[in-house]
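Trainee: For reference, the structure I am asking about is given below.
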Protein chains: 2
Amino acid sequence: MTRVLVVDDEPQILRALRINLRARRYDVEVAGDGAAALRLAASHRPDIVVLDLGLPDMDGVQVIRGLRGWTNVPIIVLSGRAGSQDKVAALDAGADDYVTKPFGVDELLARVRAVTRRAAGAGEEVPAVEIGRRTVDLTAHAVRTADGAEVRLTPTEWHLLEILVRNPGRLVSQRQLLHDVWGPQYQSETNYLRQYMAQLRRKLEDDPSRPRHLLTEPGMGYRFQP
Amino acid sequence: MTRVLVVDDEPQILRALRINLRARRYDVEVAGDGAAALRLAASHRPDIVVLDLGLPDMDGVQVIRGLRGWTNVPIIVLSGRAGSQDKVAALDAGADDYVTKPFGVDELLARVRAVTRRAAGAGEEVPAVEIGRRTVDLTAHAVRTADGAEVRLTPTEWHLLEILVRNPGRLVSQRQLLHDVWGPQYQSETNYLRQYMAQLRRKLEDDPSRPRHLLTEPGMGYRFQP
DNA sequence: GGCAGTCGTCAAGATCACGTCAAGAACCGC
DNA sequence: GCGGTTCTTGACGTGATCTTGACGACTGCC
């Protein structure tokens with residue numbers, strides 16, 4: 001039985017979601033503030049968290065960070081405002097999806113199904129990918145040229161490359177790359193990214209000045225194109 | 001069976017819509033004023049609301065807000081005057097579409113079908129949509145032509161396109177687009193919209209001068225037609 | 001038919017983001 | 001301590017992107 005933790009400070013929303021989710025055979029826990037949410041998450045280990053950003057005791061983004069410190073349980077965020085600032089902040093902090101109030105129960109249920117599906121399918125292996133004449137083997141932690149010679153990457157280069165390769169074809173935002181490689185406080189130091197992307201291209205691309213697999217999306221981020 | 005709530009103060013319109021919708025196998029409830037509309041919406045949970053803005057007891061926009069406080073049921077607005085400011089306010093308040101009186105029943109039925117289609121698919125993954133020969137993949141943040149070549153969009157172009165594509169078939173007001181893309185203080189700079197909509201059409205439409213998917217609704221806003 | 005408002009288009013300068021180079025600081029194995 | 005590697009940080013030229021203004025075409029209204 002899938003366990004859902006619903007965090008909201010409005011009793012009528014808690015009530016509505018509890019009724020609807022229980023009717024769909026979810027095991028539902030509710031919390032009215034951030035502190036209770038973190039406590040219940042730790043004790044009950046939910047499979048999904050539905051989190052309202054507007055809580056009385058603490059910022060919703062803080063709750064996300066608190067959860068993400070020790071779990072990667074899927075988090076669906078509810079927010080009263082459609083403003084994209086909140087959305088970006090929540091997603092950057094580690095939320096999985098985002099629903100703007102007012103929302104239909106059907107829509108929320110659909111998103112719950114979507115993230116559970118995604119969580120179930122996560123963890124698939126990406127054994128080896130090709131970049132030009134080089135082969136990147138994530139499990140072996142090695143890069144080789146066509147004739148077997150090894151290409152040495154520094155730890156930071158590996159970290160960056162790994163994130164991109166694990167999201168083939170997908171755009172990865174600069175903020176996310178900086179957050180994952182350098183940490184939360186480095187989210188605007190884009191010169192680090194420029195520096196290391198250039199090094200990766202020099203080591204991996206056939207023609208570093210004309211990258212075909214490690215692509216820049218100006219103003220947004222980078223993409224690994226298989 | 002799809003439940004429709006029709007709200008209008010003119011008995012002959014109520015009668016005509018009830019007959020026509022029932023003939024199409026919709027389950028029809030009617031209300032003559034805003035208070036009755038809110039009451040019936042709460043008790044009967046309609047799948048669509050058709051709402052006349054000119055009600056005797058309260059402003060139609062207030063009715064929309066009252067509904068949007070707890071549900072995102074599709075709302076189609078009927079308005080007496082074309083080009084009225086009311087319609088923009090209604091869209092900004094959360095209406096999904098509008099029809100100007102006098103209207104043909106066929107047109108209204110077409111809109112009803114459009115918004116129900118949209119509501120059914122809401123919340124599910126929107127992996128890729130087609131615009132002419134191009135495919136827009138929101139999760140990968142990529143646009144490709146039929147032969148696999150990549151179409152490059154700037155951050156602002158993406159932002160604008162994303163809002164439209166996430167509301168397929170729905171009319172999005174200029175104010176909302178400007179607010180979401182450029183921020184709260186840019187709500188009257190419609191020349192930005194004209195500029196970027198033109199760029200999107202050049203990059204996405206098969207015939208940019210005759211757009212078939214990125215449509216202009218004069219005086220109101222823009223619509224993405226799948 | 002004139003008029004006001006809106007839309008699509010073009011063009012320009014201002015601004016921003018990127019790739020690159022370079023140099024000092026920190027780290028590590030010996 | 002020392003040499004080499006890696007990481008951090010700053011600066012700069014170039015090109016892309018954003019912003020802004022202006023103009024003609026079109027539409028609906030008087």
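Scheme for the structure tokens: letters A, B, ... for chains in order shown; per-chain residue numbers from 1; ligand numbers from 1 in order shown.
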Using only C-alpha atoms (C1' of nucleotides), find each residue in chain C having at least one atom no more than 10 Å away from chain A; report its shortest atom-to-atom pair and that distance in Å (one decimal), rows by chain then rising number, as a tab-separated table.
Mentor:
residue	atom	partner	partner_atom	distance
C:DC16	C1'	A:Gly219	CA	9.0
C:DA17	C1'	A:Gly219	CA	6.6
C:DC18	C1'	A:Arg194	CA	7.4
C:DG19	C1'	A:Arg194	CA	7.2
C:DT20	C1'	A:Ala198	CA	8.7
Trainee: Can you spit out the residues from that selection as a PDB file, in the first residue's frame, using N, CA and C atoms (P, O5', C5', C4', C3', O3' and C1' of nucleotides)?
Mentor:
ATOM      1  P    DC C  16      22.556  43.364 -18.109  1.00  0.00           P
ATOM      2  O5'  DC C  16      22.740  41.896 -18.700  1.00  0.00           O
ATOM      3  C5'  DC C  16      21.633  41.294 -19.353  1.00  0.00           C
ATOM      4  C4'  DC C  16      22.086  40.027 -20.053  1.00  0.00           C
ATOM      5  C3'  DC C  16      22.955  39.139 -19.171  1.00  0.00           C
ATOM      6  O3'  DC C  16      22.373  37.853 -19.127  1.00  0.00           O
ATOM      7  C1'  DC C  16      23.984  39.499 -21.296  1.00  0.00           C
ATOM      8  P    DA C  17      22.931  36.747 -18.119  1.00  0.00           P
ATOM      9  O5'  DA C  17      23.639  35.739 -19.119  1.00  0.00           O
ATOM     10  C5'  DA C  17      22.922  35.281 -20.249  1.00  0.00           C
ATOM     11  C4'  DA C  17      23.840  34.461 -21.117  1.00  0.00           C
ATOM     12  C3'  DA C  17      24.715  33.484 -20.336  1.00  0.00           C
ATOM     13  O3'  DA C  17      24.667  32.210 -20.966  1.00  0.00           O
ATOM     14  C1'  DA C  17      26.073  34.900 -21.674  1.00  0.00           C
ATOM     15  P    DC C  18      25.430  30.991 -20.383  1.00  0.00           P
ATOM     16  O5'  DC C  18      26.656  30.799 -21.384  1.00  0.00           O
ATOM     17  C5'  DC C  18      26.370  30.708 -22.777  1.00  0.00           C
ATOM     18  C4'  DC C  18      27.662  30.851 -23.554  1.00  0.00           C
ATOM     19  C3'  DC C  18      28.756  29.905 -23.076  1.00  0.00           C
ATOM     20  O3'  DC C  18      29.016  28.934 -24.069  1.00  0.00           O
ATOM     21  C1'  DC C  18      29.577  32.140 -23.405  1.00  0.00           C
ATOM     22  P    DG C  19      29.968  27.709 -23.747  1.00  0.00           P
ATOM     23  O5'  DG C  19      31.390  28.202 -24.276  1.00  0.00           O
ATOM     24  C5'  DG C  19      31.548  28.485 -25.655  1.00  0.00           C
ATOM     25  C4'  DG C  19      32.906  29.103 -25.907  1.00  0.00           C
ATOM     26  C3'  DG C  19      34.088  28.232 -25.467  1.00  0.00           C
ATOM     27  O3'  DG C  19      35.036  28.174 -26.521  1.00  0.00           O
ATOM     28  C1'  DG C  19      34.236  30.391 -24.469  1.00  0.00           C
ATOM     29  P    DT C  20      36.369  27.270 -26.362  1.00  0.00           P
ATOM     30  O5'  DT C  20      37.460  28.286 -25.821  1.00  0.00           O
ATOM     31  C5'  DT C  20      37.674  29.516 -26.501  1.00  0.00           C
ATOM     32  C4'  DT C  20      38.605  30.402 -25.706  1.00  0.00           C
ATOM     33  C3'  DT C  20      39.815  29.691 -25.113  1.00  0.00           C
ATOM     34  O3'  DT C  20      40.970  30.052 -25.852  1.00  0.00           O
ATOM     35  C1'  DT C  20      38.846  31.291 -23.608  1.00  0.00           C
TER      36       DT C  20
END
Trainee: Just the number, please: Cα RMSD of chain B on chain A after least-squares superposition over all C-alpha atoms matched in order.
Mentor: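 The C-alpha RMSD comes to 6.3 Å.
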Trainee: Show me which bits of chain A are within 9 Å of chain B, counting only C-alpha atoms, as a PyMOL selection string.
Mentor: chain A and resi 13+82-84+99+101-111+113-114+167-172+217-220
Trainee: Can you check which residues of chain D have any atom within 9 Å of chain A? Use only C-alpha atoms (C1' of nucleotides) and format it as a list of chain:residue names.
Mentor: D:DT6, D:DC7, D:DT8, D:DT9, D:DA16
Trainee: Taking only C-alpha atoms (C1' of nucleotides) into account, which of D:DC18, D:DA11, D:DA25, D:DC30 comes nearest DG13 of chain C?
Mentor: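 When distances to DG13 of chain C are compared using only C-alpha atoms (C1' of nucleotides), the smallest one comes from D:DC18.
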Trainee: Residues of segment 17-220 of chain B classed as strand (DSSP E or B) by DSSP on the backbone are to be reported as a PyMOL selection string.
Mentor: chain B and resi 27-31+48-52+54+59+75-79+97-100+128-131+134-137+142-144+150-151+171-173+214-217
Trainee: Report, in Å with one decimal, the straight-line distance from atom CA of Leu160 of chain B to atom CA of Leu177 of chain B.
Mentor: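 Distance between the two atoms: 7.0 Å.
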Trainee: Counting only C-alpha atoms (C1' of nucleotides), what is within 6 Å of segment 28-33 of chain B, bar same-chain residues fewer than 2 positions away, as a ChimeraX atom specification?
Mentor: /B:3-9,26,35-37,55
Trainee: Tell me, which residues of segment 77-113 of chain B carry DSSP helix (DSSP H, G or I), written as a ChimeraX atom specification?
Mentor: /B:85-93,105-113
Trainee: Can you spit out the residues from that selection as an mmCIF file, in the first residue's frame, using N, CA and C atoms?
Mentor:
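Listing of out-v6.cif after writing:
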data_model
loop_
_atom_site.group_PDB
_atom_site.id
_atom_site.type_symbol
_atom_site.label_atom_id
_atom_site.label_comp_id
_atom_site.auth_asym_id
_atom_site.auth_seq_id
_atom_site.Cartn_x
_atom_site.Cartn_y
_atom_site.Cartn_z
ATOM 1 N N GLN B 85 -13.912 44.429 -21.639
ATOM 2 C CA GLN B 85 -12.845 44.253 -20.662
ATOM 3 C C GLN B 85 -13.165 43.086 -19.720
ATOM 4 N N ASP B 86 -14.468 42.851 -19.550
ATOM 5 C CA ASP B 86 -14.895 41.772 -18.663
ATOM 6 C C ASP B 86 -14.277 40.442 -19.052
ATOM 7 N N LYS B 87 -14.184 40.222 -20.358
ATOM 8 C CA LYS B 87 -13.725 38.915 -20.793
ATOM 9 C C LYS B 87 -12.265 38.696 -20.408
ATOM 10 N N VAL B 88 -11.463 39.756 -20.569
ATOM 11 C CA VAL B 88 -10.067 39.619 -20.162
ATOM 12 C C VAL B 88 -9.989 39.358 -18.666
ATOM 13 N N ALA B 89 -10.787 40.110 -17.892
ATOM 14 C CA ALA B 89 -10.790 39.902 -16.445
ATOM 15 C C ALA B 89 -11.214 38.476 -16.116
ATOM 16 N N ALA B 90 -12.187 37.971 -16.872
ATOM 17 C CA ALA B 90 -12.656 36.613 -16.608
ATOM 18 C C ALA B 90 -11.554 35.599 -16.885
ATOM 19 N N LEU B 91 -10.843 35.781 -17.991
ATOM 20 C CA LEU B 91 -9.753 34.855 -18.309
ATOM 21 C C LEU B 91 -8.672 34.927 -17.241
ATOM 22 N N ASP B 92 -8.362 36.168 -16.816
ATOM 23 C CA ASP B 92 -7.334 36.302 -15.793
ATOM 24 C C ASP B 92 -7.771 35.670 -14.485
ATOM 25 N N ALA B 93 -9.074 35.693 -14.229
ATOM 26 C CA ALA B 93 -9.565 35.109 -12.984
ATOM 27 C C ALA B 93 -9.547 33.585 -13.039
ATOM 28 N N VAL B 105 -24.968 27.525 -31.333
ATOM 29 C CA VAL B 105 -24.886 26.385 -30.424
ATOM 30 C C VAL B 105 -23.726 25.483 -30.825
ATOM 31 N N ASP B 106 -23.491 25.383 -32.139
ATOM 32 C CA ASP B 106 -22.389 24.535 -32.593
ATOM 33 C C ASP B 106 -21.065 25.025 -32.057
ATOM 34 N N GLU B 107 -20.899 26.356 -32.070
ATOM 35 C CA GLU B 107 -19.636 26.897 -31.585
ATOM 36 C C GLU B 107 -19.452 26.571 -30.103
ATOM 37 N N LEU B 108 -20.513 26.783 -29.342
ATOM 38 C CA LEU B 108 -20.407 26.491 -27.914
ATOM 39 C C LEU B 108 -20.095 25.015 -27.677
ATOM 40 N N LEU B 109 -20.755 24.153 -28.418
ATOM 41 C CA LEU B 109 -20.517 22.724 -28.240
ATOM 42 C C LEU B 109 -19.076 22.364 -28.592
ATOM 43 N N ALA B 110 -18.558 23.011 -29.621
ATOM 44 C CA ALA B 110 -17.172 22.751 -29.987
ATOM 45 C C ALA B 110 -16.245 23.147 -28.847
ATOM 46 N N ARG B 111 -16.522 24.296 -28.248
ATOM 47 C CA ARG B 111 -15.680 24.744 -27.124
ATOM 48 C C ARG B 111 -15.807 23.780 -25.942
ATOM 49 N N VAL B 112 -17.017 23.321 -25.707
ATOM 50 C CA VAL B 112 -17.227 22.380 -24.604
ATOM 51 C C VAL B 112 -16.396 21.120 -24.835
ATOM 52 N N ARG B 113 -16.448 20.607 -26.063
ATOM 53 C CA ARG B 113 -15.649 19.415 -26.355
ATOM 54 C C ARG B 113 -14.175 19.696 -26.171
#
Trainee: Between atom CA of Tyr186 of chain A and atom CA of Ser173 of chain A, what distance in Å does the model show, to one decimal?
Mentor: 13.4 Å
